[in-house]
Structure formats: C-alpha cells, structure tokens
$ cat data-v9.txt   # compact mmCIF, C-alpha atoms and all ligand atoms
# COMPACT_ATOMS: atom_id res chain seq x y z
CA MET A 166 16.18 6.14 -10.74
CA SER A 167 13.94 3.61 -12.45
CA LEU A 168 14.34 -0.11 -11.85
CA ASP A 169 15.77 -0.40 -15.34
CA LEU A 170 18.55 2.00 -14.51
CA LEU A 171 19.60 0.11 -11.39
CA SER A 172 23.16 -1.06 -11.42
CA ARG A 173 24.10 -4.59 -10.42
CA ARG A 174 25.89 -3.19 -7.38
CA ASP A 175 22.64 -1.50 -6.29
CA LEU A 176 20.80 -4.77 -6.62
CA PHE A 177 23.38 -6.62 -4.56
CA ARG A 178 22.72 -4.24 -1.68
CA GLN A 179 19.25 -5.79 -1.44
CA GLY A 180 20.01 -8.83 0.64
CA THR A 181 20.81 -12.45 0.81
CA ILE A 182 18.95 -13.67 -2.26
CA GLY A 183 20.78 -11.18 -4.46
CA VAL A 184 24.12 -12.81 -3.73
CA LEU A 185 22.95 -16.06 -5.30
CA ALA A 186 21.13 -14.32 -8.04
CA LEU A 187 23.55 -14.30 -10.91
CA SER A 188 23.63 -18.06 -11.04
CA ILE A 189 19.89 -18.59 -10.67
CA GLY A 190 18.67 -15.39 -12.26
CA SER A 191 17.72 -16.68 -15.67
CA ARG A 192 15.90 -19.65 -14.17
CA VAL A 193 13.89 -17.31 -11.95
CA ALA A 194 13.08 -15.05 -14.86
CA ARG A 195 11.77 -18.00 -16.89
CA SER A 196 9.59 -19.30 -14.08
CA GLN A 197 8.09 -15.79 -13.66
CA GLU A 198 6.86 -15.89 -17.22
CA ALA A 199 5.33 -19.34 -16.81
CA LEU A 200 3.18 -18.63 -13.76
CA PRO A 201 -0.52 -17.83 -14.26
CA ASN A 202 -2.56 -15.17 -12.46
CA PRO A 203 -2.54 -16.55 -8.90
CA VAL A 204 -5.60 -14.59 -7.86
CA GLY A 205 -8.19 -15.59 -10.42
CA SER A 206 -10.70 -13.15 -8.96
CA ALA A 207 -13.32 -11.93 -11.39
CA ASP A 208 -13.64 -8.79 -9.28
CA LEU A 209 -10.16 -7.55 -10.14
CA ILE A 210 -9.17 -5.73 -13.32
CA ALA A 211 -5.66 -6.86 -14.29
CA ARG A 212 -3.25 -3.95 -14.54
CA GLN A 213 -0.30 -6.29 -15.11
CA ALA A 214 -0.49 -9.98 -16.02
CA VAL A 215 2.88 -11.27 -14.71
CA PRO A 216 3.37 -10.84 -11.88
CA PHE A 217 -0.36 -10.36 -11.42
CA ASN A 218 -1.41 -6.89 -10.25
CA GLY A 219 -5.04 -5.89 -10.19
CA GLU A 220 -7.61 -3.51 -8.74
CA PRO A 221 -11.41 -3.73 -8.42
CA PRO A 222 -13.82 -1.50 -10.36
CA LEU A 223 -14.56 1.51 -8.15
CA ASN A 224 -18.28 0.79 -7.72
CA LYS A 225 -17.34 -2.52 -5.96
CA LEU A 226 -15.30 -0.64 -3.36
CA VAL A 227 -18.24 1.26 -1.87
CA GLU A 228 -20.38 -1.86 -1.34
CA ASN A 229 -18.67 -2.64 2.00
CA TRP A 230 -16.61 -0.77 4.58
CA ILE A 231 -14.62 -4.01 5.01
CA THR A 232 -13.45 -4.92 1.53
CA PRO A 233 -14.04 -8.60 0.67
CA VAL A 234 -10.81 -10.40 -0.23
CA ASP A 235 -12.07 -10.99 -3.80
CA SER A 236 -12.33 -7.22 -4.34
CA PHE A 237 -9.07 -6.35 -2.57
CA PHE A 238 -6.34 -5.03 -4.87
CA VAL A 239 -3.18 -7.07 -5.34
CA ARG A 240 0.21 -5.39 -5.71
CA SER A 241 3.14 -7.77 -6.10
CA HIS A 242 6.55 -6.87 -7.51
CA GLY A 243 7.54 -10.51 -8.03
CA ASN A 244 5.66 -13.76 -8.28
CA VAL A 245 3.64 -15.13 -5.41
CA PRO A 246 5.81 -17.66 -3.54
CA GLU A 247 4.02 -20.88 -2.63
CA ILE A 248 4.93 -21.44 1.01
CA ALA A 249 3.44 -24.07 3.32
CA ALA A 250 2.77 -22.50 6.74
CA LYS A 251 5.04 -25.06 8.43
CA ASP A 252 7.93 -24.16 6.14
CA LEU A 253 8.07 -20.43 6.90
CA LYS A 254 10.57 -19.42 9.54
CA LEU A 255 10.79 -15.84 10.78
CA THR A 256 14.26 -14.69 11.85
CA ILE A 257 14.71 -11.60 14.00
CA ASP A 258 18.24 -10.21 14.14
CA GLY A 259 20.26 -7.00 14.20
CA MET A 260 20.24 -4.69 17.23
CA VAL A 261 18.48 -7.11 19.57
CA ASP A 262 19.62 -8.87 22.76
CA LYS A 263 18.46 -12.34 21.63
CA PRO A 264 18.37 -12.97 17.85
CA MET A 265 15.73 -15.67 17.34
CA THR A 266 13.95 -17.75 14.73
CA PHE A 267 10.30 -18.81 15.05
CA THR A 268 7.90 -20.86 12.99
CA VAL A 269 4.50 -19.25 12.43
CA ALA A 270 2.93 -21.75 14.87
CA GLU A 271 5.49 -20.83 17.55
CA LEU A 272 4.74 -17.12 17.09
CA MET A 273 1.00 -17.68 17.40
CA GLU A 274 1.44 -19.82 20.51
CA ARG A 275 3.88 -17.57 22.32
CA PHE A 276 2.36 -14.11 21.77
CA PRO A 277 -1.15 -12.77 22.50
CA LYS A 278 -3.51 -12.56 19.52
CA ALA A 279 -4.20 -9.05 18.22
CA LYS A 280 -6.61 -7.66 15.67
CA THR A 281 -6.83 -4.37 13.88
CA THR A 282 -8.90 -2.89 11.08
CA ALA A 283 -6.77 -0.85 8.73
CA THR A 284 -6.85 0.53 5.21
CA LEU A 285 -4.08 -0.60 2.92
CA THR A 286 -3.35 1.60 -0.06
CA CYS A 287 -0.62 1.55 -2.63
CA ALA A 288 1.46 4.74 -2.86
CA GLY A 289 0.89 4.49 -6.63
CA ASN A 290 -2.91 4.57 -6.34
CA ARG A 291 -4.37 7.07 -8.89
CA ARG A 292 -1.01 7.12 -10.75
CA SER A 293 -2.81 7.12 -14.13
CA GLU A 294 -4.12 10.62 -13.32
CA PHE A 295 -0.58 12.06 -13.52
CA ALA A 296 -0.97 11.64 -17.29
CA ALA A 297 -3.04 14.86 -17.33
CA ILE A 298 0.27 16.60 -16.52
CA LYS A 299 2.83 14.11 -17.87
CA LYS A 300 2.56 10.31 -17.96
CA VAL A 301 4.60 8.49 -15.32
CA GLY A 302 6.08 5.00 -15.82
CA GLY A 303 4.91 2.01 -13.77
CA ILE A 304 1.56 0.31 -13.28
CA GLN A 305 -1.20 2.69 -14.36
CA TRP A 306 -3.43 2.36 -11.30
CA GLU A 307 -6.79 4.04 -11.35
CA ALA A 308 -8.23 4.72 -7.89
CA GLY A 309 -8.86 1.12 -6.75
CA ALA A 310 -5.45 0.18 -5.33
CA ILE A 311 -6.96 0.52 -1.87
CA GLY A 312 -9.01 -1.61 0.51
CA ASN A 313 -9.98 -1.84 4.16
CA ALA A 314 -9.67 -5.14 6.02
CA GLU A 315 -9.68 -6.75 9.44
CA TRP A 316 -6.21 -8.11 10.08
CA GLN A 317 -5.43 -10.64 12.76
CA GLY A 318 -2.15 -11.94 14.09
CA ILE A 319 0.21 -10.76 16.83
CA ARG A 320 1.70 -7.37 17.67
CA LEU A 321 5.16 -6.64 16.26
CA ALA A 322 5.81 -4.68 19.47
CA ASP A 323 5.37 -7.84 21.60
CA VAL A 324 7.89 -9.77 19.51
CA LEU A 325 10.41 -6.92 19.65
CA LYS A 326 10.00 -6.70 23.42
CA PHE A 327 10.62 -10.43 23.73
CA VAL A 328 13.90 -10.34 21.78
CA GLY A 329 15.00 -7.09 23.49
CA VAL A 330 15.66 -4.03 21.34
CA LYS A 331 19.00 -2.30 21.94
CA ALA A 332 18.99 1.41 22.87
CA GLU A 333 20.65 2.53 19.63
CA ALA A 334 17.93 0.95 17.41
CA LYS A 335 16.00 3.38 15.22
CA HIS A 336 14.41 1.34 12.40
CA VAL A 337 12.92 -2.08 11.80
CA TRP A 338 13.50 -3.75 8.43
CA PHE A 339 11.25 -6.39 6.88
CA GLU A 340 12.11 -8.85 4.14
CA GLY A 341 9.72 -11.01 2.10
CA ARG A 342 10.36 -14.49 0.70
CA ASP A 343 9.42 -13.42 -2.84
CA GLU A 344 12.01 -12.73 -5.51
CA VAL A 345 11.79 -9.58 -7.56
CA VAL A 346 13.65 -10.13 -10.81
CA GLU A 347 15.36 -7.34 -12.71
CA LYS A 348 17.89 -7.89 -15.48
CA ASN A 349 18.15 -11.55 -14.47
CA ILE A 350 19.01 -10.64 -10.91
CA ALA A 351 16.67 -11.78 -8.15
CA PHE A 352 16.37 -9.96 -4.86
CA PRO A 353 13.80 -9.89 -2.07
CA PHE A 354 11.14 -7.23 -1.55
CA GLY A 355 11.83 -5.26 1.63
CA GLY A 356 10.29 -2.58 3.79
CA SER A 357 11.35 -0.51 6.77
CA ILE A 358 9.58 1.50 9.46
CA PRO A 359 10.81 3.75 12.29
CA ILE A 360 11.18 1.90 15.61
CA GLU A 361 8.53 4.06 17.37
CA LYS A 362 5.91 2.92 14.83
CA ALA A 363 6.96 -0.71 15.37
CA GLN A 364 6.60 -0.37 19.14
CA VAL A 365 3.08 1.15 19.23
CA THR A 366 0.62 -1.00 21.20
CA THR A 367 -2.66 0.92 20.86
CA ALA A 368 -5.81 -1.00 19.87
CA THR A 369 -6.00 0.59 16.42
CA GLY A 370 -2.41 1.60 15.73
CA SER A 371 -0.31 -1.48 16.48
CA SER A 372 1.77 -2.87 13.65
CA LEU A 373 0.91 -6.54 13.24
CA LEU A 374 2.52 -9.71 12.08
CA ALA A 375 -0.71 -10.87 10.47
CA THR A 376 -1.82 -14.37 9.54
CA GLU A 377 -5.48 -13.61 8.81
CA MET A 378 -7.48 -11.18 6.67
CA ASN A 379 -11.22 -10.75 7.27
CA GLY A 380 -11.33 -13.79 9.58
CA LYS A 381 -9.67 -16.27 7.20
CA PRO A 382 -6.03 -17.23 6.61
CA LEU A 383 -4.27 -14.79 4.28
CA THR A 384 -4.52 -15.88 0.66
CA PRO A 385 -1.20 -16.53 -1.12
CA SER A 386 -1.54 -13.26 -3.07
CA HIS A 387 -1.98 -11.27 0.13
CA GLY A 388 1.06 -12.77 1.87
CA PHE A 389 0.25 -16.24 3.25
CA PRO A 390 1.40 -17.35 5.74
CA LEU A 391 2.72 -14.13 7.37
CA ARG A 392 2.87 -10.43 6.54
CA THR A 393 3.26 -7.13 8.31
CA ILE A 394 0.43 -4.63 8.56
CA VAL A 395 1.47 -1.08 9.40
CA PRO A 396 -1.63 1.09 10.02
CA GLY A 397 -1.41 4.54 8.37
CA PHE A 398 1.61 3.69 6.22
CA ILE A 399 1.69 3.13 2.46
CA GLY A 400 1.11 -0.50 1.47
CA ALA A 401 4.77 -1.01 0.56
CA ARG A 402 5.66 -1.13 4.26
CA SER A 403 3.23 -4.03 4.87
CA VAL A 404 5.57 -6.74 3.66
CA LYS A 405 4.04 -10.00 2.44
CA TRP A 406 5.59 -13.49 2.89
CA LEU A 407 7.59 -12.08 5.80
CA HIS A 408 10.61 -14.18 6.77
CA LYS A 409 13.08 -11.72 8.24
CA ILE A 410 13.02 -8.76 10.64
CA THR A 411 16.20 -6.81 11.27
CA VAL A 412 16.48 -4.09 13.91
CA ALA A 413 18.92 -1.36 12.85
CA ASP A 414 20.03 2.22 13.36
CA ARG A 415 19.02 3.36 9.85
CA PRO A 416 16.35 2.61 7.21
CA SER A 417 16.76 -0.60 5.20
CA PRO A 418 19.06 -0.45 2.16
CA ASN A 419 16.54 -2.61 0.26
CA HIS A 420 15.78 -1.14 -3.17
CA PHE A 421 12.10 -0.57 -2.27
CA VAL A 422 13.11 1.61 0.68
CA ALA A 423 16.34 3.19 -0.56
CA ASP A 424 15.32 3.99 -4.13
CA VAL A 425 11.71 3.28 -5.04
CA TYR A 426 9.04 4.63 -2.72
CA LYS A 427 10.24 8.23 -2.60
CA LEU A 428 8.77 11.55 -3.79
CA VAL A 429 11.24 13.06 -6.24
CA PRO A 430 10.79 15.53 -9.10
CA GLU A 431 13.30 13.84 -11.41
CA ASP A 432 15.44 10.74 -11.97
CA ASN A 433 18.49 11.92 -10.07
CA ALA A 434 20.40 9.32 -8.03
CA GLU A 435 21.94 11.86 -5.67
CA LEU A 436 18.57 13.45 -4.94
CA ILE A 437 16.92 10.06 -4.47
CA ALA A 438 19.65 9.02 -2.00
CA LYS A 439 19.04 12.20 0.04
CA THR A 440 15.22 11.92 0.04
CA SER A 441 13.44 10.14 2.93
CA PRO A 442 11.32 7.10 2.15
CA ILE A 443 7.54 7.65 2.11
CA TYR A 444 5.89 6.32 5.25
CA GLU A 445 2.35 7.71 5.82
CA PHE A 446 -0.27 7.52 3.10
CA THR A 447 -1.85 10.76 1.92
CA LEU A 448 -5.20 12.51 2.51
CA ASN A 449 -7.51 11.48 -0.32
CA SER A 450 -11.08 11.04 -1.53
CA VAL A 451 -12.55 9.40 -4.60
CA ILE A 452 -15.95 9.24 -6.32
CA CYS A 453 -16.83 5.57 -6.92
CA VAL A 454 -20.46 5.96 -8.07
CA PRO A 455 -21.30 7.20 -10.69
CA THR A 456 -18.33 5.74 -12.54
CA GLN A 457 -16.23 7.64 -15.07
CA GLY A 458 -18.22 8.52 -18.23
CA SER A 459 -21.65 7.44 -16.87
CA SER A 460 -24.81 8.70 -18.57
CA VAL A 461 -27.01 10.55 -16.12
CA SER A 462 -30.54 11.92 -16.32
CA GLY A 463 -32.92 13.74 -13.99
CA ASN A 464 -32.16 16.62 -11.68
CA GLN A 465 -30.43 14.85 -8.81
CA ILE A 466 -27.82 12.15 -8.44
CA ASN A 467 -26.65 9.99 -5.56
CA VAL A 468 -22.86 10.14 -5.41
CA LYS A 469 -20.81 7.66 -3.35
CA GLY A 470 -17.15 7.21 -2.60
CA PHE A 471 -14.40 6.78 -0.03
CA ALA A 472 -12.15 9.20 1.84
CA LEU A 473 -9.15 8.79 4.11
CA THR A 474 -6.83 11.07 6.03
CA ASN A 475 -3.11 11.27 5.84
CA GLY A 476 -1.91 8.27 7.90
CA THR A 477 -0.29 10.46 10.57
CA THR A 478 -1.57 9.41 14.01
CA GLY A 479 -4.40 11.49 15.43
CA ARG A 480 -6.05 12.77 12.25
CA SER A 481 -9.55 11.98 11.06
CA VAL A 482 -11.68 13.06 8.12
CA GLN A 483 -13.48 16.28 9.00
CA LYS A 484 -15.38 17.04 5.84
CA ILE A 485 -15.99 15.60 2.38
CA GLU A 486 -17.42 17.91 -0.26
CA VAL A 487 -18.75 17.32 -3.77
CA SER A 488 -19.04 19.94 -6.51
CA ALA A 489 -21.06 19.74 -9.72
CA ASP A 490 -19.68 23.01 -11.12
CA GLY A 491 -15.93 22.36 -11.16
CA GLY A 492 -15.32 23.59 -7.62
CA GLN A 493 -17.21 26.91 -7.57
CA SER A 494 -19.75 25.61 -5.06
CA TRP A 495 -19.59 22.56 -2.79
CA LYS A 496 -22.09 20.33 -1.00
CA ALA A 497 -21.11 18.34 2.10
CA ALA A 498 -21.33 14.55 1.88
CA LYS A 499 -22.49 12.31 4.76
CA VAL A 500 -20.31 9.57 6.19
CA THR A 501 -22.23 6.30 5.80
CA SER A 502 -19.75 3.82 7.31
CA SER A 503 -17.97 3.08 10.56
CA VAL A 504 -15.17 5.44 11.53
CA SER A 505 -11.91 4.11 12.93
CA ASP A 506 -8.30 5.32 13.07
CA TYR A 507 -6.21 4.49 9.98
CA CYS A 508 -9.35 3.42 8.08
CA TRP A 509 -11.16 4.94 5.18
CA VAL A 510 -14.75 6.18 5.53
CA LEU A 511 -17.43 5.65 2.93
CA TRP A 512 -19.66 8.62 2.10
CA SER A 513 -22.69 9.56 0.08
CA ALA A 514 -24.17 12.86 -1.20
CA GLU A 515 -27.35 13.86 -3.06
CA ILE A 516 -26.17 16.31 -5.71
CA PRO A 517 -28.50 18.49 -7.83
CA LEU A 518 -27.84 18.22 -11.58
CA THR A 519 -28.49 20.89 -14.18
CA GLU A 520 -28.41 20.78 -18.00
CA THR A 521 -24.85 22.12 -17.83
CA THR A 522 -23.46 19.57 -15.36
CA THR A 523 -20.67 17.68 -17.12
CA SER A 524 -18.58 16.47 -14.18
CA LEU A 525 -18.44 15.92 -10.45
CA VAL A 526 -15.42 16.50 -8.23
CA VAL A 527 -14.72 15.59 -4.61
CA ARG A 528 -12.28 16.85 -2.00
CA ALA A 529 -11.71 15.96 1.66
CA THR A 530 -10.40 17.98 4.60
CA ASP A 531 -8.99 16.41 7.75
CA THR A 532 -8.94 17.50 11.38
CA SER A 533 -5.46 19.04 11.01
CA GLY A 534 -7.01 21.51 8.52
CA GLU A 535 -5.33 19.92 5.49
CA THR A 536 -7.51 19.92 2.34
CA GLN A 537 -6.83 18.05 -0.88
CA PRO A 538 -5.35 20.36 -3.50
CA GLU A 539 -7.17 20.89 -6.79
CA LYS A 540 -4.05 19.63 -8.56
CA ASN A 541 -1.07 18.02 -6.91
CA PRO A 542 2.53 18.47 -8.03
CA TRP A 543 3.90 15.95 -10.50
CA ASN A 544 6.52 13.53 -9.21
CA TYR A 545 8.78 11.25 -11.20
CA LYS A 546 7.64 7.93 -9.73
CA GLY A 547 3.94 8.80 -9.63
CA TYR A 548 3.12 8.46 -5.92
CA GLN A 549 0.53 9.90 -3.53
CA PHE A 550 -1.75 11.46 -6.19
CA ASN A 551 -4.41 13.33 -4.26
CA GLY A 552 -5.76 16.14 -6.46
CA TRP A 553 -9.57 16.53 -6.52
CA HIS A 554 -11.04 13.36 -8.00
CA ARG A 555 -13.14 14.10 -11.09
CA VAL A 556 -15.79 11.97 -12.82
CA ASN A 557 -17.00 13.13 -16.23
CA LEU A 558 -20.69 12.60 -17.03
CA LYS A 559 -22.80 12.32 -20.16
CA ARG A 560 -26.33 13.71 -20.08
CA GLY A 561 -28.69 10.82 -20.92
N1 LIG A 601 5.53 -7.55 0.05
C1 LIG A 601 6.28 -8.33 -0.73
N2 LIG A 601 6.99 -9.32 -0.16
N3 LIG A 601 6.35 -8.16 -2.08
C2 LIG A 601 5.65 -7.13 -2.69
O1 LIG A 601 5.73 -7.00 -3.91
N4 LIG A 601 4.15 -5.23 -2.39
C3 LIG A 601 3.87 -4.16 -1.45
C4 LIG A 601 3.28 -4.70 -0.15
N5 LIG A 601 4.05 -5.81 0.33
C5 LIG A 601 4.86 -6.29 -1.88
C6 LIG A 601 4.82 -6.56 -0.50
C7 LIG A 601 3.00 -3.14 -1.96
S1 LIG A 601 3.72 -1.99 -2.98
C8 LIG A 601 1.70 -3.03 -1.56
S2 LIG A 601 0.75 -1.72 -2.03
C9 LIG A 601 1.08 -4.04 -0.71
O2 LIG A 601 1.96 -5.10 -0.41
C10 LIG A 601 -0.14 -4.62 -1.40
O3 LIG A 601 -0.72 -5.62 -0.60
P1 LIG A 601 -1.83 -6.57 -1.22
O4 LIG A 601 -1.29 -7.17 -2.48
O5 LIG A 601 -2.15 -7.55 -0.16
O6 LIG A 601 -3.03 -5.68 -1.51

$ encode --input "data-v9.txt" --output "structure tokens"
Amino acid sequence: MSLDLLSRRDLFRQGTIGVLALSIGSRVARSQEALPNPVGSADLIARQAVPFNGEPPLNKLVENWITPVDSFFVRSHGNVPEIAAKDLKLTIDGMVDKPMTFTVAELMERFPKAKTTATLTCAGNRRSEFAAIKKVGGIQWEAGAIGNAEWQGIRLADVLKFVGVKAEAKHVWFEGRDEVVEKNIAFPFGGSIPIEKAQVTTATGSSLLATEMNGKPLTPSHGFPLRTIVPGFIGARSVKWLHKITVADRPSPNHFVADVYKLVPEDNAELIAKTSPIYEFTLNSVICVPTQGSSVSGNQINVKGFALTNGTTGRSVQKIEVSADGGQSWKAAKVTSSVSDYCWVLWSAEIPLTETTTSLVVRATDTSGETQPEKNPWNYKGYQFNGWHRVNLKRG
C-alpha cells in the first residue's frame, strides 16, 4: 500500500499526534511547504526539496571510512523539528515496571556514556536501479544513501534495565517528534526493534540513544537532540528526534513499521499486513570511483568503492570482486579501511582495461557464504537493492 492509499483510520493508528491531526493538519501542511532545506550542505545532491532529502556524490563517500557529517545522507519523511535540548523529554512506558520520563541531561547524567561506530543505510538505497526492471515510486536514491559514523550517547539496554522490562515484552517501539503529513493528517515517524536487539550490550552491537555524531552534537537534520542508533538494521529503525519508547509484546503499529518498510511483490494490504518488517540491512557493494559514465584511457584503472555485509550479527565481508567483462572473470579487491562489526569497508582494485571494456561491475561475498546476486528480484516499494553494481565507461 502506498502512502497515498492509506486510509484515515490507518493514519490514526500511528499515535498521539494523529489524534489532533485533523484540526491542525492543514496548518502543518502549509508550514512544510514554507521551510527551506535545513541542511544546506553543498556535498549533498537533493533528491527531494521539501522535506529535504539528499545523498552525496559517490566519489565523496570513499574519501573517508568515517563519513563527515556534511557528506552524510539525510532521509526525513517530515520536516526537521527545531527542538532545544532542554525541551526534549523522553518517556518510556508500556511493559515496564517503572514508566519514566527523562530530559536529555538527566539521561546523560544517570547512565554510562557509550560509543559505537556503525553504518547507517536507507532501505531504499539504490532504488533508482529498479527502473531497469520496472520503476518504483518514492525517492529515487542512487547508491549514496549510506554513511558510516561514530555515534555517542548511552546504551538503550541500560535504560531498559533501569525501568525494568516485564517478562512478556518482545519489542521496543520508538517515536520521533517530527510530523509526517499525508492528506492533511499529521502523525509521528516511528520504528520498532525486537527486544533482544534492544538489550545487546556488546562494544560494537549495542543500540544507542545517541546525542553525538563524529564527536559533535547531532545536527538538527540527523536527529538533534536525541536519536536511536541500531547497528546492523536499516536506517528507518534509527529514529531521529526520539521522544518516546514503548515496550510491547508486538511490533509497533506505526505506519513506518506496519506498512512501509516491508518487502512485498505488489500493493496488497492483506499481504503487507502478513509480511514482517525489514530489520537487517542487506549485503551490498558499490563502485564509487570511477563514477557512472566516466571517460577512461590507458590499460589499467584504479577502482574504489564500499561494501557491507547483511546486518545479521556475526557476519563480515569475505571477498569483494570486480569484473571488467560483465562477470565472466573477476579480480579480488583489497580492503583499504578499518574493519568493524556493522560497518562498511572501503576497498580498491587495479583493473586492467582493454579496447572492449565498456563497464565495470562489483559483487561482495560475506562469511556466511552469501554472494550478491547479479540481479535482485523486483519489489513494490523498492527496498534492499543489491544486484551487482555496474558503472558504464566511455573510452577516452
Ligand atoms: N526518524 C524520524 N523521526 N523521522 C524520519 O523521517 N527517517 C528514517 C530514520 N529515522 C526518519 C527517522 C530513515 S528512513 C533513515 S534511512 C534514517 O533516519 C536516516 O538518517 P539520517 O537522515 O541521519 O541519515
């Protein structure tokens, strides 16, 4: 079901803001139109002006293993709420012994600081490539809706332990303070993760309530003052402008969990309702240099890109291979960056060119033995595209 086909009843399932929405809806819709690009970063190519959504050119992405904030993609379904840190209160309720509300300062004082490096990628990254089969609706991301950052804050697990999770709890819901507006109805963005993922306390795998990105306070576009970071999961589960956590026995009924981020072959409400939400991101690799359509000369080329495993715990990238003859023969690439769980690796390969070379393709294999398919099956919402990434070349 597309957002456009959502019924009002569906939207009212979303949460508290929806209940007020009919009366304020048109005002919200107008203010959405008025707001400028809140990012203003020259490094991002706008894929949607309002609300602003943008991705960096691919060659920027391989300059650093840790993506600078200016080159970090922005994916927002509604406008960026302007929230002073002192005004954000986080409520934790549902299946807990002590429902509580904290300010951000209280959270940071009460719980130990934690840091993790993790790759964030949108489930819709590479969506534009579905057009080779059949174009999918939604933002036409190329391959730059991905970045790797150092996130700092506190562990979600510590907060859950403090409030006491009841035995019957199975999922943790997140709600943002933004308002997504559809058909003059405003409702909050929400996410949801299984309780086991929320309770992980390993150095690299802990889900965070993050206040900082790359050593500085989160920018408004990336969720200031508080967001979740869920290593290995699609970006949609890392909820920005976090103001509510609910512990429950089932996944959140929020539209972005119940309807949107799911792999379905067609727009069929019954099928969508039966399909599980996407959690882990997918195995992938992309050529960032040379860029699409580059002119090349000589008999060798230096090819660079990124690769990441499926976000399932315990996997790492085993091999990255580049082909200059459409996949008949492959040459192994070398990892040139740090390697850490739930993070991409950067790679480079020296590839011989001949007069007949017209394209390069890349594929990755992970330690579970999974290899990227040459082509991946089409899905209605355009998620998790991970067919071999191809760059076409012109002979200079
Ligand atoms: N959180 C809120 N509150 N609102 C949103 O629109 N977008 C999600 C997620 N968290 C979103 C959100 C999606 S789909 C992605 S991919 C990531 O944020 C993007 O995070 P970034 O904009 O910091 O790169």

$ closest_residue --input "data-v9.txt" --among "A:Val468, A:Val328, A:Cys287, A:Ala498" --to "ligand LIG 601 (chain A)" --atoms "all atoms listed in the file"
A:Cys287

$ residues_near_ligand --input "data-v9.txt" --ligand "ligand LIG 601 (chain A)" --cutoff "6 Å" --atoms "all atoms listed in the file" --output "JSON, numbers by chain"
{"A": [238, 239, 240, 241, 242, 243, 286, 287, 341, 343, 354, 387, 400, 401, 403, 404, 405, 406]}

$ write_last_selection --input "data-v9.txt" --atoms "C-alpha atoms" --output "mmCIF file, in the frame of the given file"
data_model
loop_
_atom_site.group_PDB
_atom_site.id
_atom_site.type_symbol
_atom_site.label_atom_id
_atom_site.label_comp_id
_atom_site.auth_asym_id
_atom_site.auth_seq_id
_atom_site.Cartn_x
_atom_site.Cartn_y
_atom_site.Cartn_z
ATOM 1 C CA PHE A 238 -6.340 -5.030 -4.870
ATOM 2 C CA VAL A 239 -3.180 -7.070 -5.340
ATOM 3 C CA ARG A 240 0.210 -5.390 -5.710
ATOM 4 C CA SER A 241 3.140 -7.770 -6.100
ATOM 5 C CA HIS A 242 6.550 -6.870 -7.510
ATOM 6 C CA GLY A 243 7.540 -10.510 -8.030
ATOM 7 C CA THR A 286 -3.350 1.600 -0.060
ATOM 8 C CA CYS A 287 -0.620 1.550 -2.630
ATOM 9 C CA GLY A 341 9.720 -11.010 2.100
ATOM 10 C CA ASP A 343 9.420 -13.420 -2.840
ATOM 11 C CA PHE A 354 11.140 -7.230 -1.550
ATOM 12 C CA HIS A 387 -1.980 -11.270 0.130
ATOM 13 C CA GLY A 400 1.110 -0.500 1.470
ATOM 14 C CA ALA A 401 4.770 -1.010 0.560
ATOM 15 C CA SER A 403 3.230 -4.030 4.870
ATOM 16 C CA VAL A 404 5.570 -6.740 3.660
ATOM 17 C CA LYS A 405 4.040 -10.000 2.440
ATOM 18 C CA TRP A 406 5.590 -13.490 2.890
#

$ closest_residue --input "data-v9.txt" --among "A:Thr384, A:Val425, A:Thr369, A:Ile298" --to "Val504 in chain A" --atoms "all atoms listed in the file"
A:Thr369

$ residues_near_point --input "data-v9.txt" --point "(4.0, -17.8, -5.7)" --cutoff "9 Å" --atoms "all atoms listed in the file" --output "JSON list (two decimals) with C-alpha atoms, keeping the file's coordinate frame"
[["chain", "number", "residue", "atom", "x", "y", "z"],
["A", 200, "LEU", "CA", 3.18, -18.63, -13.76],
["A", 203, "PRO", "CA", -2.54, -16.55, -8.90],
["A", 243, "GLY", "CA", 7.54, -10.51, -8.03],
["A", 244, "ASN", "CA", 5.66, -13.76, -8.28],
["A", 245, "VAL", "CA", 3.64, -15.13, -5.41],
["A", 246, "PRO", "CA", 5.81, -17.66, -3.54],
["A", 247, "GLU", "CA", 4.02, -20.88, -2.63],
["A", 248, "ILE", "CA", 4.93, -21.44, 1.01],
["A", 343, "ASP", "CA", 9.42, -13.42, -2.84],
["A", 385, "PRO", "CA", -1.20, -16.53, -1.12],
["A", 386, "SER", "CA", -1.54, -13.26, -3.07]]

$ closest_atom_pairs --input "data-v9.txt" --of "range 370-473 of chain A" --to "range 268-284 of chain A" --cutoff "10 Å" --atoms "all atoms listed in the file" --output "Markdown table"
| residue | atom | partner | partner_atom | distance |
| --- | --- | --- | --- | --- |
| A:Gly370 | CA | A:Thr281 | CA | 7.7 |
| A:Ser371 | CA | A:Thr281 | CA | 7.6 |
| A:Ser372 | CA | A:Thr281 | CA | 8.7 |
| A:Leu373 | CA | A:Ala279 | CA | 7.6 |
| A:Leu374 | CA | A:Ala279 | CA | 9.1 |
| A:Ala375 | CA | A:Lys280 | CA | 8.5 |
| A:Thr376 | CA | A:Val269 | CA | 8.5 |
| A:Glu377 | CA | A:Lys280 | CA | 9.2 |
| A:Met378 | CA | A:Thr282 | CA | 9.5 |
| A:Asn379 | CA | A:Thr282 | CA | 9.0 |
| A:Gly380 | CA | A:Lys280 | CA | 9.8 |
| A:Pro390 | CA | A:Val269 | CA | 7.6 |
| A:Leu391 | CA | A:Val269 | CA | 7.4 |
| A:Ile394 | CA | A:Ala283 | CA | 8.1 |
| A:Val395 | CA | A:Ala283 | CA | 8.3 |
| A:Pro396 | CA | A:Ala283 | CA | 5.6 |
| A:Gly397 | CA | A:Thr284 | CA | 7.5 |
| A:Phe398 | CA | A:Thr284 | CA | 9.1 |
| A:Ile399 | CA | A:Thr284 | CA | 9.3 |
| A:Gly400 | CA | A:Thr284 | CA | 8.9 |
| A:His408 | CA | A:Thr268 | CA | 9.5 |
| A:Phe446 | CA | A:Thr284 | CA | 9.8 |
| A:Leu473 | CA | A:Thr284 | CA | 8.6 |

$ residues_near_point --input "data-v9.txt" --point "(-32.3, 20.5, -18.1)" --cutoff "8 Å" --atoms "all atoms listed in the file" --output "CSV table (one decimal) with C-alpha atoms, keeping the file's coordinate frame"
chain,number,residue,atom,x,y,z
A,463,GLY,CA,-32.9,13.7,-14.0
A,464,ASN,CA,-32.2,16.6,-11.7
A,519,THR,CA,-28.5,20.9,-14.2
A,520,GLU,CA,-28.4,20.8,-18.0
A,521,THR,CA,-24.8,22.1,-17.8

$ residues_around --input "data-v9.txt" --residues "Ala363 in chain A" --least-positions-apart "2" --cutoff "7 Å" --atoms "all atoms listed in the file" --output "ChimeraX atom specification"
/A:321-322,358-361,365,372
